[in-house]
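Student: Just one file: upload-v1.txt, with compact mmCIF, C-alpha atoms.
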```txt
# COMPACT_ATOMS: atom_id res chain seq x y z
CA MET G 174 -77.53 -79.61 22.79
CA VAL G 175 -77.80 -79.59 26.57
CA LEU G 176 -77.72 -75.80 26.66
CA ALA G 177 -80.44 -75.69 24.00
CA GLY G 178 -82.63 -77.76 26.30
CA LEU G 179 -83.19 -80.60 23.86
CA SER G 180 -84.76 -83.75 25.22
CA LEU G 181 -82.72 -86.94 25.21
CA ILE G 182 -84.85 -88.27 22.35
CA ARG G 183 -84.19 -85.14 20.26
CA MET G 184 -80.47 -85.32 21.03
CA GLU G 185 -80.35 -88.97 20.02
CA GLN G 186 -82.26 -88.22 16.79
CA SER G 187 -79.95 -85.31 15.96
CA LEU G 188 -76.88 -87.49 16.39
CA ARG G 189 -78.37 -90.28 14.28
CA LYS G 190 -79.26 -87.91 11.44
CA SER G 191 -76.08 -85.84 11.39
CA PRO G 192 -72.72 -87.45 10.68
CA GLU G 193 -71.28 -83.90 10.66
CA LEU G 194 -72.44 -83.33 14.23
CA ARG G 195 -71.03 -86.67 15.35
CA LYS G 196 -67.72 -85.80 13.71
CA LEU G 197 -67.69 -82.39 15.40
CA LEU G 198 -68.24 -84.09 18.77
CA GLY G 199 -65.65 -86.78 18.03
CA LEU G 200 -68.21 -89.60 17.97
CA LYS G 201 -67.75 -92.49 15.54
CA TRP G 202 -71.38 -93.60 15.90
CA PRO G 203 -74.62 -92.30 17.45
CA VAL G 204 -74.97 -92.78 21.19
CA SER G 205 -78.02 -94.06 23.06
CA LYS G 206 -80.38 -92.07 25.27
CA THR G 207 -78.89 -93.89 28.25
CA THR G 208 -75.41 -92.63 27.43
CA LEU G 209 -76.70 -89.12 26.81
CA SER G 210 -78.52 -89.20 30.13
CA ARG G 211 -75.36 -90.31 31.93
CA TRP G 212 -73.32 -87.56 30.24
CA ARG G 213 -75.93 -84.95 31.12
CA LYS G 214 -75.97 -86.07 34.74
CA ASN G 215 -72.17 -86.09 35.02
CA LEU G 216 -71.49 -82.93 33.02
CA GLY G 217 -74.50 -80.83 34.08
CA PRO G 218 -72.93 -79.39 37.22
CA LEU G 219 -69.70 -78.58 35.35
CA VAL G 220 -71.60 -76.85 32.54
CA ARG G 221 -73.58 -74.75 35.04
CA GLU G 222 -70.36 -73.82 36.84
CA LEU G 223 -68.72 -72.80 33.56
CA ILE G 224 -71.71 -70.67 32.59
CA GLU G 225 -71.75 -68.93 35.99
CA TYR G 226 -67.99 -68.33 35.78
CA THR G 227 -68.38 -66.87 32.30
CA TYR G 228 -71.14 -64.51 33.45
CA ARG G 229 -69.02 -63.36 36.41
CA LEU G 230 -66.02 -62.82 34.14
CA ILE G 231 -68.06 -60.79 31.65
CA ALA G 232 -69.52 -58.67 34.48
CA LYS G 233 -66.02 -58.08 35.86
CA LEU G 234 -64.67 -57.08 32.45
CA ARG G 235 -67.57 -54.66 31.99
CA GLY G 236 -67.00 -53.25 35.47
CA SER G 237 -70.44 -54.33 36.69
CA SER G 238 -69.31 -56.29 39.74
```
Could you render the structure from this file as structure tokens?

Tutor:
Amino acid sequence: MVLAGLSLIRMEQSLRKSPELRKLLGLKWPVSKTTLSRWRKNLGPLVRELIEYTYRLIAKLRGSS
């Protein structure tokens, strides 16, 4: 959801409406916008680092680097 650029309100709504999504994420109940905001703040740098690493790895495997 973060990578899709959804707002916190849209994320919260998606989790409330979709028990399947909650189950996929290992959540027993929907989380609040505050919790989502905290997760985004804490995980954002890690997600960006993982994306950059993945791009570098793909470029290396293709021989582009």

Student: Mind pulling up the distance from CA of Leu188 in chain G to CA of Leu200 in chain G?

Tutor: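 Between these atoms lies a distance of 9.1 Å.
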
Student: What is the distance between CA of Leu179 in chain G and CA of Leu209 in chain G, in Å to one decimal?

Tutor: 11.1 Å

Student: With all atoms listed in the file as the atoms that count, which of G:Leu234, G:Val204, G:Leu216, G:Ile224 lies nearest to Gln186 in chain G?

Tutor: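 Ranking G:Leu234, G:Val204, G:Leu216, G:Ile224 by distance to Gln186 in chain G, first place goes to G:Val204.
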
Student: For each of G:Leu230, G:Leu194, G:Ile182, G:Val220, take the minimum atom-to-atom distance to Lys206 in chain G, counting all atoms listed in the file, then give the residue where this is smallest.

Tutor: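 Comparing G:Leu230, G:Leu194, G:Ile182, G:Val220 against Lys206 in chain G, the winner is G:Ile182.
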